[in-house]
Amino acid sequence: MEAVESHLRIVHGRREPRPASPGEPPLTELTGFGMYPRVQGRERLSEDLERITDGAVLTRGLGRSYGDASLPPPGGAPVAGSPLADRVLAFDLGTGLIRAEAGVTLMRLNRLSLPRGWFTPVTPGTHWVTLGGMVAADVHGKNHHVAGCFGEHVRTLRMRLADGRLVECSDERDQDLFRATLGGMGLTGHVLEVTFQLERIATPWIWQESEQVADLERALERLQDAGREWPFTVCWNDLLADGARLGRGLLVKGRWATAAEAPPAPPRWRAAPTLPFALPSWAVQPWMLKIGNALNFHKHGAGVRRRIVHPETFFYPLDVVREWNRVYGRRGFTQYQAVLPGPHGHPRHRRFIETLRAHGGHVYLCVIKDCGAAGRGLLSFPKPGVSFALDLPIGPETQRVSDALGEFVAAEGGRIYLAKDAFTRPEHLRAMDGERLAAFDAMRRRWDPERRLRSALSIRLLGDAP
Amino acid sequence: MKVALLGATRGMGRAVARRLAERGDTLFLLGRDVAELERSAADLQVRGAGGAVAHAVCDLLEPGSFAPALDAAVHALGGLDAVVVSAGLFASQEALEHDAALRARLLAANFTNTVLFCELARARLLAANGGKRLCVFSSVAGDRARKPVILYGAAKAGLSHYLTGLDHKFSADGLRTILVKPGFVKTAMTAGLPVPPFAGEPEPVAAAVVRALDRGTPVVYVPGIWRWIMLVIRSLPRAVMRRIQF
C-alpha cells in the first residue's frame with residue numbers, strides 16, 4: 001500500500017515549473033530514442049496504468065521509437081508512462097500463452113521465458129521495448145519472412161478507449177479496433193494488457209552462420225537464398241564504402257540450436273553498462289565509421305563462420321551498452337526505414353541508396369532485411385520487398401535527405417516505418433499509403449470522434465489539431 | 001524461506017518480492033487492494049515462488065486489520081521466517097504543511113501504525129525458533145532533518161529509532177532486525193521529483209535488500225553510496241542546514 005495518491009505528487013523546490021493541475025507531474029523534456037525532436041511534456045508514472053491512462057492523450061513505453069511517435073502534442077496534455085506496469089499475469093507453460101501488463105519489457109519477458117523453453121514469436125532489434133510498444137509499432141524482426149509481425153501472434157488486447165471505457169478486443173471482438181491498434185502508434189486507445197502466443201524453442205541458444213557479401217546486389221541475392229532455409233536472417237551493410245564496394249556487408253543467419261549442439265548450461269544474464277552522458281556532437285565523424293565499417297567487414301574474413309551464440313548477442317547486439325544513442329550527442333539521430341517492393345536486387349534498391357548519397361546523407365549503420373507478406377495490422381509497416389534501416393546523424397541536410405527519400409519511396413510503391421520516422425512530410429506519407437490512412441482515419445472517427453488521443457506524430461503526419 | 005510482505009505490490013517491495021520468488025521462496029502478500037494483490041500474486045507465481053502465493057487484506061491506515069492478516073500469513077505459510085515491510089506514504093513537505101488531514105494520515109501510517117504492525121509481527125517471529133527476520137523500509141530522510149522532508153523525515157527517524165531498539169533488545173533472542181534506508185530510488189513514489197545524483201533503481205536495491213535479509217545485516221543503505229552521503233549530511237553544521245534547500 002505504498003499509496004502515492006495522485007494529488008500528493010506536488011514537487012518541492014523552487015526551480016520546478018508548477019504543475020498544470022493538482023496531481024499532474026511537472027513538465028519535463030521527453031524525446032524518443034533518436035533524441036530528436038525534444039518536447040516538453042507531463043508524463044504520469046505509476047504501477048496503476050489503468051488509472052493514469054484516464055484522461056491521458058497517449059501512452060508511452062520506454063520511448064524507444066526513434067522520432068516523435070511516443071511524444072505528446074505541445075500544450076502539456078498528460079501522457080501515461082507504462083514501464084512501471086510490468087506484471088506477468090498468466091503464463092501457461094504447456095501452451096505458451098502469456099498475458100502481461102503493457103509496460104513489461106521484452107528483456108524481462110525473455111529472461112523469464114527462455115529458461116522455460118519459450119520465446120517471443122517476434123522480436124525487434126532491441127529488448128528495451130515494452131509489450132505495449134511492440135503492439136503499437138507492430139514490430140517485426142529477423143524472422144519476418146516466416147513469422148510476420150508481432151501482431152500476428154497477439155490474441156487479445158485489454159484497452160482503455162478515448163472515451164474512458166475499458167474493453168477487451170481481439171480478431172473476434174471489435175476486430176476493427178484490434179487491427180487498427182496493431183501498428184496504430186497508440187492512437188486508437190491505451191493498451192493495458194496483452195495476451196499473445198509464445199514460440200516453443202528446443203534450447204535457449206542460437207546456432208549462427210555468417211558470411212561476407214561483396215556488394216548490395218549480392219547481399220540481396222544471398223538474403224533471399226538464406227530465407228529459404230533459415231528462420232532468422234539479416235544483413236549489415238556498409239553504405240560509406242565507395243563504388244563497387246557500396247553495400248558490401250555481412251549476412252547473418254540463425255536458428256535455435258538443437259539440444260546436441262547447445263552448451264549444457266543455460267545462458268547467463270549480463271547487466272549492460274550505461275553510456276553515462278551524451279558525447280559531444282563532433283565526437284563521431286563519418287571517417288571514423290568508414291574505418292569502423294571496413295574493419296568490421298574485413299575482420300570477419302572470407303568464408304562462412306559458424307558458432308553457437310548467446311540469444312541476447314544474436315538478437316540484441318547493440319544492447320550491450322544501454323543508451324548507446326548518446327554517442328550521437330545532443331544533435332541526435334534519426335533512422336530512415338523504408339520497404340521497397342522486390343524482386344531482390346531490382347535497380348530501385350541501388351537507386352534508393354544513390355538518392356540518399358546524392359543528397360548528402362551519411363549512413364552510419366545500415367541494416368537490410370527482406371519482408372514477407374503484410375500482416376493484419378491496419379497501419380503496420382512491412383510488406384513484401386526489401387526493408388532498409390538507415391541510421392543518420394541529424395544535420396542541416398537531414399530534412400532534404402528525408403524529402404528526397406520520401407518522394408522516391410512513394411514513387412516506387414514503398415512505404416516508411418512510422419516508429420522510426422521524424423522528418424517525413426504528410427503529402428509523402430499520403431502518396432505512399434493513402435488508402436490505409438483513409439481507413440485508419442475512418443476507424444478513429446468511429447472510436448475517438450473528438451480526437452482525444454493524439455501524439456506529436458499524429459499532429460505532424462495525420463492532420464490532428466495540436 | 002517463508003516470507004510475509006506488506007507493500008509488495010509496488011515499488012521496491014515489488015522488486016524484493018520478485019527476487020525472493022525467483023529463488024523459490026514461499027510468499028504471502030499483505031496489502032489493502034484485493035485486485036492488486038491477486039495480480040501481484042500471479043506475477044510472483046509465474047516467476048517461480050514456492051507453493052501458492054496467497055494474500056490477505058491489510059491496510060496500514062487500519063490497525064485493526066494487522067493481527068488477522070498476520071495470522072492468516074502464519075497459517076497459510078505454515079510458519080513464518082521473515083516479515084518485510086515496504087509500505088508507506090509519501091508527500092512533499094509543501095503538501096503536508098497545507099493539508100492537516102494528509103499530515104495526520106502520513107504520520108500515522110509511517111510511524112504509529114508501522115510500529116504497531118511491527119510489534120505484532122515481532123511477537124509472531126519470536127514465538128518461533130531463532131533466526132527469524134524483520135525487515136523494514138525506513139529512509140535516509142530519518143537520518144538528518146532537512147527542509148524538503150521535515151514531517152516525512154520525522155516519522156522515518158522515529159521508525160529507525162524503534163527498529164534500532166528492537167535490534168538491541170531482541171537480537172540475543174534470535175530476532176534479526178534489518179533496517180533498510182533507501183536514498184533516492186526511481187519508483188512511482190519519486191516520479192516527478194527532480195532526480196538527484198546517485199539515484200538508484202529498484203532492482204539493484206532489491207538485490208542489496210535480499211542480501212541483507214539473508215545475512216541479517218542490521219542497517220543497510222540502498223544504494224550503498226547513501227551511507228557516505230548521509231555521513232556528510234549528518235555532519236553539516238546547523239548554519240549550513242539553515243541555508244541549503246535539500
# chains A, B, ... in the order shown; residues from 1 in each chain; ligands from 1
>>> interface_residues(of="chain B", to="chain A", cutoff="8 Å", atoms="only C-alpha atoms", output="MDAnalysis selection string")
chainID B and resid 6:11 31:33 39:40 42:43 46:47 59:60 86:95 148 187:189 191:193 245
>>> write_last_selection(atoms="C-alpha atoms", output="PDB file, in the first residue's frame")
ATOM      1  CA  LEU B   6       3.440  -5.731   3.379  1.00  0.00           C
ATOM      2  CA  GLY B   7       3.670  -3.346   0.404  1.00  0.00           C
ATOM      3  CA  ALA B   8       4.976  -5.796  -2.188  1.00  0.00           C
ATOM      4  CA  THR B   9       2.523  -4.864  -4.929  1.00  0.00           C
ATOM      5  CA  ARG B  10       4.519  -1.726  -5.814  1.00  0.00           C
ATOM      6  CA  GLY B  11       7.899  -0.084  -5.987  1.00  0.00           C
ATOM      7  CA  GLY B  31      -1.963  -5.096   1.116  1.00  0.00           C
ATOM      8  CA  ARG B  32      -5.110  -3.073   1.007  1.00  0.00           C
ATOM      9  CA  ASP B  33      -6.428  -3.787  -2.517  1.00  0.00           C
ATOM     10  CA  ARG B  39      -2.303  -9.577  -9.870  1.00  0.00           C
ATOM     11  CA  SER B  40       0.962  -9.432  -7.943  1.00  0.00           C
ATOM     12  CA  ALA B  42       0.051 -14.186 -10.243  1.00  0.00           C
ATOM     13  CA  ASP B  43       3.226 -12.372 -11.286  1.00  0.00           C
ATOM     14  CA  VAL B  46       4.978 -17.157 -12.726  1.00  0.00           C
ATOM     15  CA  ARG B  47       8.451 -16.130 -11.560  1.00  0.00           C
ATOM     16  CA  ASP B  59      -4.354  -1.651   5.415  1.00  0.00           C
ATOM     17  CA  LEU B  60      -1.666   0.422   7.069  1.00  0.00           C
ATOM     18  CA  SER B  86       7.945  -1.662   2.476  1.00  0.00           C
ATOM     19  CA  ALA B  87       4.559   0.041   2.639  1.00  0.00           C
ATOM     20  CA  GLY B  88       4.397   3.711   3.477  1.00  0.00           C
ATOM     21  CA  LEU B  89       3.097   7.051   2.349  1.00  0.00           C
ATOM     22  CA  PHE B  90       4.970   9.891   0.737  1.00  0.00           C
ATOM     23  CA  ALA B  91       4.007  13.501   0.265  1.00  0.00           C
ATOM     24  CA  SER B  92       6.034  16.651  -0.208  1.00  0.00           C
ATOM     25  CA  GLN B  93       6.709  18.935   2.739  1.00  0.00           C
ATOM     26  CA  GLU B  94       4.719  21.645   0.970  1.00  0.00           C
ATOM     27  CA  ALA B  95       1.648  19.431   0.599  1.00  0.00           C
ATOM     28  CA  PRO B 148      12.104  19.268   1.965  1.00  0.00           C
ATOM     29  CA  THR B 187       9.883   4.470  -8.307  1.00  0.00           C
ATOM     30  CA  ALA B 188       6.349   5.794  -8.752  1.00  0.00           C
ATOM     31  CA  MET B 189       6.737   7.390  -5.313  1.00  0.00           C
ATOM     32  CA  ALA B 191       8.178  10.189 -10.076  1.00  0.00           C
ATOM     33  CA  GLY B 192       8.012  13.875 -10.891  1.00  0.00           C
ATOM     34  CA  LEU B 193      10.672  14.813  -8.335  1.00  0.00           C
ATOM     35  CA  GLN B 245      17.471  23.742   0.219  1.00  0.00           C
TER      36      GLN B 245
END
>>> select_by_dssp(residues="region 205-415 of chain A", states="helix (DSSP H, G or I)", output="MDAnalysis selection string")
chainID A and resid 216:229 243:245 286:300 311:315 317:320 324:328 347:358 398:411
>>> residues_around(residues="Met1 (chain B)", least_positions_apart="4", cutoff="9 Å", atoms="only C-alpha atoms", output="number ranges by chain")
B: 20, 24-27, 80-82
>>> residues_around(residues="Thr130 (chain A)", least_positions_apart="6", cutoff="9 Å", atoms="only C-alpha atoms", output="PyMOL selection string")
chain A and resi 61-62+64+82-83+86+102-107
>>> atom_distance(atom1="CA of Gly55 (chain A)", atom2="CA of Glu193 (chain A)")
18.0 Å
>>> atom_distance(atom1="CA of Ala108 (chain B)", atom2="CA of Gly183 (chain B)")
21.8 Å
>>> select_by_dssp(residues="region 99-297 of chain A", states="strand (DSSP E or B)", output="PyMOL selection string")
chain A and resi 99-101+105+118-119+130+154-160+166-170+190-197+199-200+206-213+232-237+249-256+274
>>> write_last_selection(atoms="C-alpha atoms", output="PDB file, in the first residue's frame")
ATOM      1  CA  ARG A  99      -0.761 -12.420 -20.568  1.00  0.00           C
ATOM      2  CA  ALA A 100       1.060  -9.398 -19.182  1.00  0.00           C
ATOM      3  CA  GLU A 101       0.680  -5.730 -18.410  1.00  0.00           C
ATOM      4  CA  THR A 105       9.984  -5.012 -21.086  1.00  0.00           C
ATOM      5  CA  TRP A 118       9.598 -20.479 -24.785  1.00  0.00           C
ATOM      6  CA  PHE A 119      10.494 -17.282 -26.654  1.00  0.00           C
ATOM      7  CA  THR A 130       7.641  -2.605 -23.744  1.00  0.00           C
ATOM      8  CA  VAL A 154      -1.425 -11.377 -30.346  1.00  0.00           C
ATOM      9  CA  ARG A 155      -4.671 -12.952 -29.139  1.00  0.00           C
ATOM     10  CA  THR A 156      -6.346 -10.205 -27.142  1.00  0.00           C
ATOM     11  CA  LEU A 157      -5.731  -6.655 -26.002  1.00  0.00           C
ATOM     12  CA  ARG A 158      -7.214  -5.040 -22.932  1.00  0.00           C
ATOM     13  CA  MET A 159      -7.545  -1.335 -23.617  1.00  0.00           C
ATOM     14  CA  ARG A 160      -8.764   1.969 -22.321  1.00  0.00           C
ATOM     15  CA  LEU A 166     -12.262  -0.360 -20.633  1.00  0.00           C
ATOM     16  CA  VAL A 167     -12.628  -3.055 -23.293  1.00  0.00           C
ATOM     17  CA  GLU A 168     -11.079  -6.303 -24.413  1.00  0.00           C
ATOM     18  CA  CYS A 169     -10.666  -6.690 -28.173  1.00  0.00           C
ATOM     19  CA  SER A 170      -9.403  -9.426 -30.471  1.00  0.00           C
ATOM     20  CA  HIS A 190      -4.294   2.835 -24.395  1.00  0.00           C
ATOM     21  CA  VAL A 191      -3.078  -0.766 -24.385  1.00  0.00           C
ATOM     22  CA  LEU A 192      -3.244  -2.052 -20.793  1.00  0.00           C
ATOM     23  CA  GLU A 193      -2.697  -5.792 -21.168  1.00  0.00           C
ATOM     24  CA  VAL A 194      -1.550  -8.041 -23.981  1.00  0.00           C
ATOM     25  CA  THR A 195      -2.202 -11.761 -24.413  1.00  0.00           C
ATOM     26  CA  PHE A 196      -0.008 -13.439 -27.008  1.00  0.00           C
ATOM     27  CA  GLN A 197       1.341 -16.803 -28.110  1.00  0.00           C
ATOM     28  CA  GLU A 199       7.063 -19.905 -29.643  1.00  0.00           C
ATOM     29  CA  ARG A 200       8.373 -23.236 -28.358  1.00  0.00           C
ATOM     30  CA  ILE A 206      21.328 -19.803 -31.221  1.00  0.00           C
ATOM     31  CA  TRP A 207      23.245 -21.540 -33.999  1.00  0.00           C
ATOM     32  CA  GLN A 208      24.628 -18.718 -36.148  1.00  0.00           C
ATOM     33  CA  GLU A 209      26.296 -18.641 -39.525  1.00  0.00           C
ATOM     34  CA  SER A 210      27.683 -15.515 -41.143  1.00  0.00           C
ATOM     35  CA  GLU A 211      29.416 -14.653 -44.377  1.00  0.00           C
ATOM     36  CA  GLN A 212      30.745 -11.674 -46.298  1.00  0.00           C
ATOM     37  CA  VAL A 213      28.767 -10.279 -49.207  1.00  0.00           C
ATOM     38  CA  PHE A 232      16.376 -15.678 -38.814  1.00  0.00           C
ATOM     39  CA  THR A 233      18.196 -13.644 -41.443  1.00  0.00           C
ATOM     40  CA  VAL A 234      19.538 -10.106 -41.586  1.00  0.00           C
ATOM     41  CA  CYS A 235      22.250  -8.232 -43.396  1.00  0.00           C
ATOM     42  CA  TRP A 236      24.526  -5.478 -42.129  1.00  0.00           C
ATOM     43  CA  ASN A 237      25.810  -3.265 -44.936  1.00  0.00           C
ATOM     44  CA  GLY A 249      28.440  -6.366 -45.743  1.00  0.00           C
ATOM     45  CA  LEU A 250      27.873  -9.330 -43.520  1.00  0.00           C
ATOM     46  CA  LEU A 251      24.936 -11.674 -43.884  1.00  0.00           C
ATOM     47  CA  VAL A 252      23.892 -13.227 -40.587  1.00  0.00           C
ATOM     48  CA  LYS A 253      21.674 -16.314 -40.395  1.00  0.00           C
ATOM     49  CA  GLY A 254      20.461 -18.117 -37.325  1.00  0.00           C
ATOM     50  CA  ARG A 255      18.224 -20.795 -35.877  1.00  0.00           C
ATOM     51  CA  TRP A 256      17.640 -22.231 -32.415  1.00  0.00           C
ATOM     52  CA  THR A 274      25.128   2.515 -19.425  1.00  0.00           C
TER      53      THR A 274
END
>>> residues_around(residues="Leu379 (chain A)", least_positions_apart="5", cutoff="12 Å", atoms="only C-alpha atoms", output="JSON, numbers by chain")
{"A": [135, 136, 137, 138, 139, 149, 151, 176, 177, 178, 179, 180, 181, 182, 183, 184, 185, 186, 187, 188, 374, 415, 416, 417, 418, 419, 429, 432, 433, 434, 435, 436, 437, 438, 439, 440, 441, 443]}
>>> write_last_selection(atoms="N, CA and C atoms", output="CSV table (one decimal), in the first residue's frame")
chain,number,residue,atom,x,y,z
A,135,VAL,N,3.2,-3.8,-29.6
A,135,VAL,CA,1.9,-3.8,-30.3
A,135,VAL,C,1.7,-2.5,-31.1
A,136,ALA,N,2.0,-1.4,-30.5
A,136,ALA,CA,1.7,-0.1,-31.1
A,136,ALA,C,2.5,0.1,-32.4
A,137,ALA,N,3.7,-0.5,-32.5
A,137,ALA,CA,4.5,-0.4,-33.7
A,137,ALA,C,4.4,-1.6,-34.5
A,138,ASP,N,3.7,-2.6,-34.0
A,138,ASP,CA,3.6,-3.9,-34.7
A,138,ASP,C,4.9,-4.4,-35.2
A,139,VAL,N,5.8,-4.6,-34.3
A,139,VAL,CA,7.2,-4.8,-34.6
A,139,VAL,C,7.5,-6.0,-35.4
A,149,CYS,N,4.6,-10.1,-38.4
A,149,CYS,CA,4.8,-9.1,-37.4
A,149,CYS,C,4.4,-9.7,-36.0
A,151,GLY,N,2.1,-8.6,-34.2
A,151,GLY,CA,0.6,-8.6,-34.1
A,151,GLY,C,-0.1,-9.9,-34.6
A,176,ASP,N,-12.2,-4.3,-35.9
A,176,ASP,CA,-11.6,-3.1,-36.5
A,176,ASP,C,-10.7,-2.4,-35.5
A,177,LEU,N,-11.1,-2.3,-34.2
A,177,LEU,CA,-10.3,-1.7,-33.2
A,177,LEU,C,-9.0,-2.5,-33.0
A,178,PHE,N,-9.1,-3.8,-32.9
A,178,PHE,CA,-8.0,-4.7,-32.7
A,178,PHE,C,-6.9,-4.5,-33.8
A,179,ARG,N,-7.4,-4.6,-35.1
A,179,ARG,CA,-6.4,-4.5,-36.2
A,179,ARG,C,-5.8,-3.1,-36.4
A,180,ALA,N,-6.6,-2.1,-36.0
A,180,ALA,CA,-6.1,-0.7,-36.1
A,180,ALA,C,-5.1,-0.4,-35.0
A,181,THR,N,-5.2,-1.2,-33.9
A,181,THR,CA,-4.3,-0.9,-32.8
A,181,THR,C,-2.9,-1.6,-33.0
A,182,LEU,N,-2.9,-2.7,-33.8
A,182,LEU,CA,-1.7,-3.3,-34.2
A,182,LEU,C,-1.0,-2.4,-35.2
A,183,GLY,N,0.1,-1.7,-34.8
A,183,GLY,CA,0.7,-0.8,-35.7
A,183,GLY,C,0.1,0.6,-35.7
A,184,GLY,N,-0.9,0.8,-34.8
A,184,GLY,CA,-1.6,2.1,-34.7
A,184,GLY,C,-0.9,3.2,-33.9
A,185,MET,N,0.3,3.0,-33.5
A,185,MET,CA,1.1,4.0,-32.9
A,185,MET,C,0.4,4.6,-31.6
A,186,GLY,N,-0.4,3.8,-31.0
A,186,GLY,CA,-1.0,4.3,-29.7
A,186,GLY,C,-2.2,5.2,-29.9
A,187,LEU,N,-2.6,5.4,-31.2
A,187,LEU,CA,-3.6,6.4,-31.4
A,187,LEU,C,-5.1,5.9,-31.4
A,188,THR,N,-5.2,4.6,-31.1
A,188,THR,CA,-6.6,4.0,-31.1
A,188,THR,C,-7.1,3.8,-29.7
A,374,ALA,N,2.4,-8.9,-45.9
A,374,ALA,CA,1.9,-7.9,-44.9
A,374,ALA,C,0.9,-8.6,-44.0
A,415,ARG,N,7.0,2.0,-48.6
A,415,ARG,CA,6.4,2.8,-47.5
A,415,ARG,C,7.4,2.9,-46.4
A,416,ILE,N,7.2,3.8,-45.5
A,416,ILE,CA,8.1,4.0,-44.4
A,416,ILE,C,7.6,3.5,-43.1
A,417,TYR,N,8.5,3.3,-42.1
A,417,TYR,CA,8.1,2.8,-40.8
A,417,TYR,C,7.9,4.0,-39.8
A,418,LEU,N,6.7,4.1,-39.4
A,418,LEU,CA,6.3,5.3,-38.5
A,418,LEU,C,7.1,5.3,-37.2
A,419,ALA,N,7.5,4.1,-36.7
A,419,ALA,CA,8.1,4.0,-35.4
A,419,ALA,C,9.5,4.6,-35.4
A,429,LEU,N,3.6,10.8,-47.1
A,429,LEU,CA,3.0,9.7,-46.4
A,429,LEU,C,1.7,9.3,-47.2
A,432,MET,N,2.3,7.4,-50.3
A,432,MET,CA,2.7,6.0,-50.1
A,432,MET,C,1.5,5.2,-49.6
A,433,ASP,N,0.6,5.7,-48.8
A,433,ASP,CA,-0.3,4.9,-48.0
A,433,ASP,C,-1.7,5.5,-48.0
A,434,GLY,N,-2.2,6.2,-49.0
A,434,GLY,CA,-3.4,6.9,-49.0
A,434,GLY,C,-4.6,6.1,-48.5
A,435,GLU,N,-4.8,4.9,-49.1
A,435,GLU,CA,-5.9,4.1,-48.8
A,435,GLU,C,-6.0,3.7,-47.3
A,436,ARG,N,-4.8,3.2,-46.9
A,436,ARG,CA,-4.7,2.8,-45.5
A,436,ARG,C,-5.0,3.9,-44.5
A,437,LEU,N,-4.4,5.1,-44.8
A,437,LEU,CA,-4.6,6.2,-43.9
A,437,LEU,C,-6.1,6.6,-43.9
A,438,ALA,N,-6.8,6.5,-45.0
A,438,ALA,CA,-8.2,6.8,-45.0
A,438,ALA,C,-9.0,5.9,-44.1
A,439,ALA,N,-8.6,4.6,-44.2
A,439,ALA,CA,-9.3,3.6,-43.4
A,439,ALA,C,-9.0,3.8,-41.9
A,440,PHE,N,-7.8,4.2,-41.6
A,440,PHE,CA,-7.4,4.5,-40.2
A,440,PHE,C,-8.1,5.7,-39.7
A,441,ASP,N,-8.3,6.7,-40.5
A,441,ASP,CA,-9.0,7.9,-40.2
A,441,ASP,C,-10.5,7.6,-39.9
A,443,MET,N,-11.6,4.8,-38.9
A,443,MET,CA,-11.7,4.0,-37.7
A,443,MET,C,-11.5,4.9,-36.5
>>> residues_around(residues="region 112-116 of chain B", least_positions_apart="3", cutoff="8 Å", atoms="only C-alpha atoms", output="list in words")
Leu60, Leu61, Pro63, Leu107, Ala108, Ala109, Glu119, Leu120, Leu159 and Tyr162 of chain B
>>> atom_distance(atom1="CA of Ala202 (chain A)", atom2="CA of Thr258 (chain A)")
5.9 Å
